[in-house]
Each structure stands twice: as structure tokens, then as C-alpha cells.
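Colleague: Following this line is model.pdb, made up of PDB, C-alpha atoms:
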ATOM      1  CA  ARG F   1      13.810 -18.846 -17.603
ATOM      2  CA  THR F   2      13.533 -20.570 -14.267
ATOM      3  CA  ALA F   3      14.913 -18.502 -11.404
ATOM      4  CA  PRO F   4      17.905 -20.222  -9.781
ATOM      5  CA  ASP F   5      17.012 -21.602  -6.368
ATOM      6  CA  PHE F   6      18.972 -20.466  -3.329
ATOM      7  CA  GLU F   7      19.133 -21.041   0.407
ATOM      8  CA  LEU F   8      20.057 -18.064   2.579
ATOM      9  CA  GLN F   9      19.275 -16.741   6.047
ATOM     10  CA  ASN F  10      16.971 -13.792   6.651
ATOM     11  CA  GLN F  11      17.197 -10.964   9.163
ATOM     12  CA  ASP F  12      15.854 -13.281  11.880
ATOM     13  CA  GLY F  13      18.325 -16.080  11.120
ATOM     14  CA  GLU F  14      15.620 -18.207   9.465
ATOM     15  CA  THR F  15      16.408 -20.213   6.348
ATOM     16  CA  VAL F  16      14.726 -18.940   3.187
ATOM     17  CA  ARG F  17      14.672 -20.922  -0.057
ATOM     18  CA  LEU F  18      13.214 -19.642  -3.288
ATOM     19  CA  SER F  19      11.688 -23.100  -3.796
ATOM     20  CA  GLN F  20       9.588 -22.672  -0.623
ATOM     21  CA  LEU F  21       7.924 -19.566  -2.091
ATOM     22  CA  VAL F  22       6.108 -21.257  -4.982
ATOM     23  CA  GLY F  23       2.693 -19.726  -5.575
ATOM     24  CA  LYS F  24       3.759 -16.193  -4.627
ATOM     25  CA  ALA F  25       4.920 -13.316  -6.809
ATOM     26  CA  LYS F  26       8.414 -12.257  -5.762
ATOM     27  CA  LEU F  27      10.659  -9.248  -6.245
ATOM     28  CA  LEU F  28      14.353 -10.055  -5.759
ATOM     29  CA  THR F  29      16.889  -7.255  -5.355
ATOM     30  CA  PHE F  30      20.574  -7.125  -4.429
ATOM     31  CA  ILE F  31      21.917  -4.583  -1.935
ATOM     32  CA  TYR F  32      24.548  -3.990   0.702
ATOM     33  CA  VAL F  33      23.962  -2.126   3.936
ATOM     34  CA  ARG F  34      26.855   0.343   3.730
ATOM     35  CA  CYS F  35      26.052   1.498   0.186
ATOM     36  CA  SER F  36      26.423   5.271   0.122
ATOM     37  CA  VAL F  37      25.322   5.937  -3.462
ATOM     38  CA  ALA F  38      21.821   7.363  -3.077
ATOM     39  CA  THR F  39      20.690   6.186  -6.531
ATOM     40  CA  GLN F  40      21.692   2.576  -5.895
ATOM     41  CA  CYS F  41      20.919   0.447  -2.801
ATOM     42  CA  PRO F  42      19.109   3.175  -0.817
ATOM     43  CA  LEU F  43      16.842   3.989  -3.775
ATOM     44  CA  THR F  44      16.278   0.298  -4.495
ATOM     45  CA  THR F  45      15.195  -0.251  -0.893
ATOM     46  CA  GLN F  46      12.926   2.818  -0.899
ATOM     47  CA  ASN F  47      11.345   1.640  -4.147
ATOM     48  CA  VAL F  48      10.775  -1.877  -2.826
ATOM     49  CA  ARG F  49       9.130  -0.394   0.271
ATOM     50  CA  ALA F  50       6.781   1.577  -1.987
ATOM     51  CA  VAL F  51       5.946  -1.604  -3.935
ATOM     52  CA  GLN F  52       5.338  -3.413  -0.648
ATOM     53  CA  GLU F  53       2.930  -0.686   0.452
ATOM     54  CA  ALA F  54       1.097  -0.705  -2.900
ATOM     55  CA  THR F  55       0.622  -4.481  -2.920
ATOM     56  CA  ALA F  56      -0.589  -4.363   0.694
ATOM     57  CA  ARG F  57      -3.150  -1.673  -0.199
ATOM     58  CA  ALA F  58      -4.335  -3.971  -3.007
ATOM     59  CA  GLY F  59      -4.908  -6.767  -0.458
ATOM     60  CA  ALA F  60      -2.119  -8.973  -1.805
ATOM     61  CA  ALA F  61       0.375  -8.863   1.081
ATOM     62  CA  ASP F  62      -0.011 -12.584   1.743
ATOM     63  CA  ARG F  63       0.594 -13.472  -1.932
ATOM     64  CA  VAL F  64       3.760 -11.459  -2.592
ATOM     65  CA  VAL F  65       7.284 -11.683  -1.171
ATOM     66  CA  PHE F  66      10.186  -9.273  -1.280
ATOM     67  CA  LEU F  67      13.739 -10.582  -1.165
ATOM     68  CA  SER F  68      16.753  -8.299  -0.719
ATOM     69  CA  ALA F  69      20.004 -10.263  -0.856
ATOM     70  CA  THR F  70      23.305  -8.765   0.210
ATOM     71  CA  PHE F  71      26.464  -9.320  -1.784
ATOM     72  CA  ASP F  72      28.526  -8.263   1.272
ATOM     73  CA  PRO F  73      27.915 -11.176   3.664
ATOM     74  CA  GLN F  74      31.194 -10.500   5.468
ATOM     75  CA  THR F  75      29.584  -7.372   6.943
ATOM     76  CA  ASP F  76      25.855  -7.821   6.460
ATOM     77  CA  SER F  77      24.875 -10.206   9.235
ATOM     78  CA  PRO F  78      21.218 -10.962   9.969
ATOM     79  CA  ALA F  79      21.307  -8.332  12.750
ATOM     80  CA  MET F  80      22.796  -5.701  10.411
ATOM     81  CA  LEU F  81      20.152  -6.501   7.804
ATOM     82  CA  LYS F  82      17.381  -6.285  10.400
ATOM     83  CA  GLY F  83      18.563  -2.833  11.411
ATOM     84  CA  TYR F  84      18.763  -1.807   7.759
ATOM     85  CA  GLY F  85      15.214  -3.025   7.127
ATOM     86  CA  LYS F  86      13.930  -1.141  10.174
ATOM     87  CA  MET F  87      15.614   2.015   8.909
ATOM     88  CA  TYR F  88      13.425   1.759   5.800
ATOM     89  CA  ASP F  89      10.305   0.768   7.747
ATOM     90  CA  ALA F  90      10.189  -2.632   6.039
ATOM     91  CA  ASP F  91       7.318  -4.928   6.921
ATOM     92  CA  PHE F  92       9.189  -8.132   7.720
ATOM     93  CA  SER F  93       6.050 -10.263   7.359
ATOM     94  CA  ASN F  94       6.756 -10.586   3.624
ATOM     95  CA  TRP F  95      10.173  -8.981   3.141
ATOM     96  CA  HIS F  96      13.316 -11.002   3.767
ATOM     97  CA  PHE F  97      16.761  -9.400   3.926
ATOM     98  CA  LEU F  98      19.082 -12.258   3.025
ATOM     99  CA  THR F  99      22.677 -13.222   3.709
ATOM    100  CA  GLY F 100      24.744 -16.396   3.786
ATOM    101  CA  ALA F 101      28.209 -17.831   3.435
ATOM    102  CA  PRO F 102      30.355 -15.770   1.057
ATOM    103  CA  SER F 103      30.689 -18.681  -1.377
ATOM    104  CA  VAL F 104      26.905 -19.209  -1.460
ATOM    105  CA  VAL F 105      26.241 -15.502  -1.990
ATOM    106  CA  ALA F 106      28.873 -15.327  -4.752
ATOM    107  CA  GLU F 107      27.332 -18.338  -6.499
ATOM    108  CA  MET F 108      23.840 -16.844  -6.278
ATOM    109  CA  CYS F 109      25.023 -13.492  -7.648
ATOM    110  CA  GLY F 110      26.724 -15.292 -10.529
ATOM    111  CA  GLU F 111      23.568 -17.250 -11.342
ATOM    112  CA  TYR F 112      21.543 -14.021 -11.425
ATOM    113  CA  GLY F 113      24.150 -12.054 -13.372
ATOM    114  CA  VAL F 114      24.862  -9.607 -10.570
ATOM    115  CA  ILE F 115      28.357  -8.180 -10.858
ATOM    116  CA  TYR F 116      30.010  -6.619  -7.830
ATOM    117  CA  GLU F 117      33.555  -5.752  -6.925
ATOM    118  CA  GLU F 118      35.085  -4.210  -3.870
ATOM    119  CA  THR F 119      36.506  -0.747  -4.601
ATOM    120  CA  ALA F 120      37.581   0.123  -1.052
ATOM    121  CA  PRO F 121      39.210  -2.219   1.458
ATOM    122  CA  GLY F 122      36.998  -3.965   3.973
ATOM    123  CA  GLY F 123      33.779  -3.840   1.946
ATOM    124  CA  LEU F 124      33.319  -0.120   2.484
ATOM    125  CA  GLU F 125      32.464   0.393  -1.166
ATOM    126  CA  PHE F 126      31.414  -1.838  -4.013
ATOM    127  CA  ARG F 127      30.834  -1.097  -7.657
ATOM    128  CA  HIS F 128      27.836  -3.242  -8.554
ATOM    129  CA  SER F 129      24.926  -4.052 -10.810
ATOM    130  CA  VAL F 130      21.555  -2.631  -9.829
ATOM    131  CA  LEU F 131      19.014  -5.257 -10.845
ATOM    132  CA  ALA F 132      15.570  -6.302  -9.652
ATOM    133  CA  TYR F 133      13.955  -9.570 -10.726
ATOM    134  CA  LEU F 134      10.217 -10.147 -10.926
ATOM    135  CA  ILE F 135       9.623 -13.859 -10.311
ATOM    136  CA  ASP F 136       6.251 -15.523 -10.753
ATOM    137  CA  GLY F 137       4.530 -18.181  -8.656
ATOM    138  CA  GLN F 138       6.232 -20.979 -10.606
ATOM    139  CA  ASN F 139       9.626 -19.388  -9.924
ATOM    140  CA  ARG F 140      10.170 -18.177 -13.468
ATOM    141  CA  ILE F 141      11.861 -14.833 -14.066
ATOM    142  CA  ARG F 142       9.234 -12.743 -15.798
ATOM    143  CA  ARG F 143      11.011  -9.399 -15.914
ATOM    144  CA  VAL F 144      14.300  -7.745 -15.020
ATOM    145  CA  TYR F 145      14.362  -4.086 -14.018
ATOM    146  CA  PHE F 146      17.624  -2.201 -14.480
ATOM    147  CA  ALA F 147      19.387   0.603 -12.603
ATOM    148  CA  ASN F 148      16.341   1.760 -10.631
ATOM    149  CA  ALA F 149      14.910   3.055 -13.913
ATOM    150  CA  TRP F 150      11.498   1.766 -12.832
ATOM    151  CA  GLN F 151       8.587   3.191 -10.939
ATOM    152  CA  PRO F 152       7.256   1.377  -7.848
ATOM    153  CA  GLU F 153       3.657   1.618  -9.080
ATOM    154  CA  ASP F 154       4.624  -0.120 -12.351
ATOM    155  CA  VAL F 155       6.342  -2.959 -10.499
ATOM    156  CA  ALA F 156       3.403  -3.287  -8.103
ATOM    157  CA  ARG F 157       1.055  -3.515 -11.095
ATOM    158  CA  ASP F 158       3.324  -6.163 -12.684
ATOM    159  CA  MET F 159       3.387  -8.171  -9.441
ATOM    160  CA  LEU F 160      -0.391  -8.006  -9.070
ATOM    161  CA  SER F 161      -0.887  -9.064 -12.696
ATOM    162  CA  LEU F 162       1.103 -12.228 -12.000
ATOM    163  CA  LEU F 163      -1.418 -13.136  -9.323
ATOM    164  CA  ASN F 164      -4.397 -12.978 -11.693
TER     165      ASN F 164
END
Can the structure in the file be given as C-alpha cells, please?

Modeller:
Amino acid sequence: RTAPDFELQNQDGETVRLSQLVGKAKLLTFIYVRCSVATQCPLTTQNVRAVQEATARAGAADRVVFLSATFDPQTDSPAMLKGYGKMYDADFSNWHFLTGAPSVVAEMCGEYGVIYEETAPGGLEFRHSVLAYLIDGQNRIRRVYFANAWQPEDVARDMLSLLN
């Protein structure tokens, strides 16, 4: 199916739209900065970093994009997301950490089937889906990876195959 378009702000405050990324293979994940469950957001971010490194080694850095959208926009400002990305040594040249108005983020999560609910006051903890979407150059969802039950090298191979 066609990936729902969105308009959010990245870690530098720049507007990012899925529709502006036509022609590139994309990996879209959902995270929040204060996630303390090692097998969820931290592992997702580590895995995406490994995919980013693998696609760069393959010479495809300019043809792939990584998108990590927060579902906690009340806390995860562009500056918070930038710090989070730096903590994981993200290469911001093709990795956007995204946030926006709470209503826009909630709508996007709904369109992508991401479920999240606050389990501690003030956004300290969320129970949430752990999903990653592989999106092709025509902005079609080609694959959904669940619960970090995927290997970075497999996702990198899938991304590179979309480019051929």
C-alpha cells in the first residue's frame, strides 16, 4: 500500500515530508527519547545505525533515508532528538529524527498502525508498538518489521534491493 504522507520537523527544525523523498529507499521507525526498555527504542536506534553504516559501505548513502519519528512530541523537541541522535552516533546527512504537533504525530501514528499509551505521568513511560517500515522510492510500504526481530544486515540488503 502507499505509505501515508506526513510533514514533521527534524532535529534541525527543518520540515520533512515523505513526499519529498520520492526516489529513495526509506526506513521509518517510531521511538521516544526517554524509552528505558533496552529491547525497544534503544535497540531500534542501534539497529537503524547499523543499517545506515551498511548502506553507506555499499555506496548508497545518497539513495537511502532513515526516519525516526517520536510519539512523545511533548518532550521530544528537535534539540532533544538531536542529542538522542548524537548519542547513537547517527549520521544526520540521511537520518531525520522527527517530531511535530501532538495532533499531527497522533494522526501519523494512527495511519501507520503504531499504538502507544502513556503508562507513567508526564510521558516518562509508554507502552508501544515496535515497528519499522521499509518504504520504496515510490513511497509504497514494501515490508514491515516487527518487535526488533530483524537483523540490520537483512534490512540493509532489503533496502539495497529496492534501489536495483

Colleague: Expressed in Å to a single decimal, how great is the separation between CA of Gln46 in chain F and CA of Ala69 in chain F?

Modeller: 14.9 Å

Colleague: Could you tell me how far CA of Ser19 in chain F lies from CA of Asn139 in chain F, in Å and to one decimal?

Modeller: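 If I compute the distance from CA of Ser19 in chain F to CA of Asn139 in chain F, I get 7.5 Å.
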
Colleague: Go ahead and compute the interatomic distance for CA of His96 in chain F and CA of Asn164 in chain F, in Å to one decimal.

Modeller: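 Value for the CA of His96 in chain F-CA of Asn164 in chain F distance: 23.6 Å.
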
Colleague: Give as a ChimeraX atom specification the residues that the PyMOL selection byres ((chain F and resi 114) around 12) matches when applied to the coordinates above.

Modeller: /F:28-31,69-71,105-113,115-117,127-133,144,146-147

Colleague: Let me see the file: selected residues, C-alpha atoms, as a compact mmCIF listing (two decimals), keeping the file's coordinate frame.

Modeller:
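Final output, selection13.txt:
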# COMPACT_ATOMS: atom_id res chain seq x y z
CA LEU F 28 14.35 -10.06 -5.76
CA THR F 29 16.89 -7.26 -5.36
CA PHE F 30 20.57 -7.12 -4.43
CA ILE F 31 21.92 -4.58 -1.94
CA ALA F 69 20.00 -10.26 -0.86
CA THR F 70 23.30 -8.76 0.21
CA PHE F 71 26.46 -9.32 -1.78
CA VAL F 105 26.24 -15.50 -1.99
CA ALA F 106 28.87 -15.33 -4.75
CA GLU F 107 27.33 -18.34 -6.50
CA MET F 108 23.84 -16.84 -6.28
CA CYS F 109 25.02 -13.49 -7.65
CA GLY F 110 26.72 -15.29 -10.53
CA GLU F 111 23.57 -17.25 -11.34
CA TYR F 112 21.54 -14.02 -11.42
CA GLY F 113 24.15 -12.05 -13.37
CA ILE F 115 28.36 -8.18 -10.86
CA TYR F 116 30.01 -6.62 -7.83
CA GLU F 117 33.56 -5.75 -6.92
CA ARG F 127 30.83 -1.10 -7.66
CA HIS F 128 27.84 -3.24 -8.55
CA SER F 129 24.93 -4.05 -10.81
CA VAL F 130 21.56 -2.63 -9.83
CA LEU F 131 19.01 -5.26 -10.84
CA ALA F 132 15.57 -6.30 -9.65
CA TYR F 133 13.96 -9.57 -10.73
CA VAL F 144 14.30 -7.74 -15.02
CA PHE F 146 17.62 -2.20 -14.48
CA ALA F 147 19.39 0.60 -12.60

Colleague: Identify which of the residues F:Ala50, F:Cys35, F:Ala56, F:Leu162 lies closest to Leu134 in chain F, counting all atoms listed in the file when measuring atom-to-atom distances.

Modeller: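 Among the listed residues, F:Leu162 lies closest to Leu134 in chain F.
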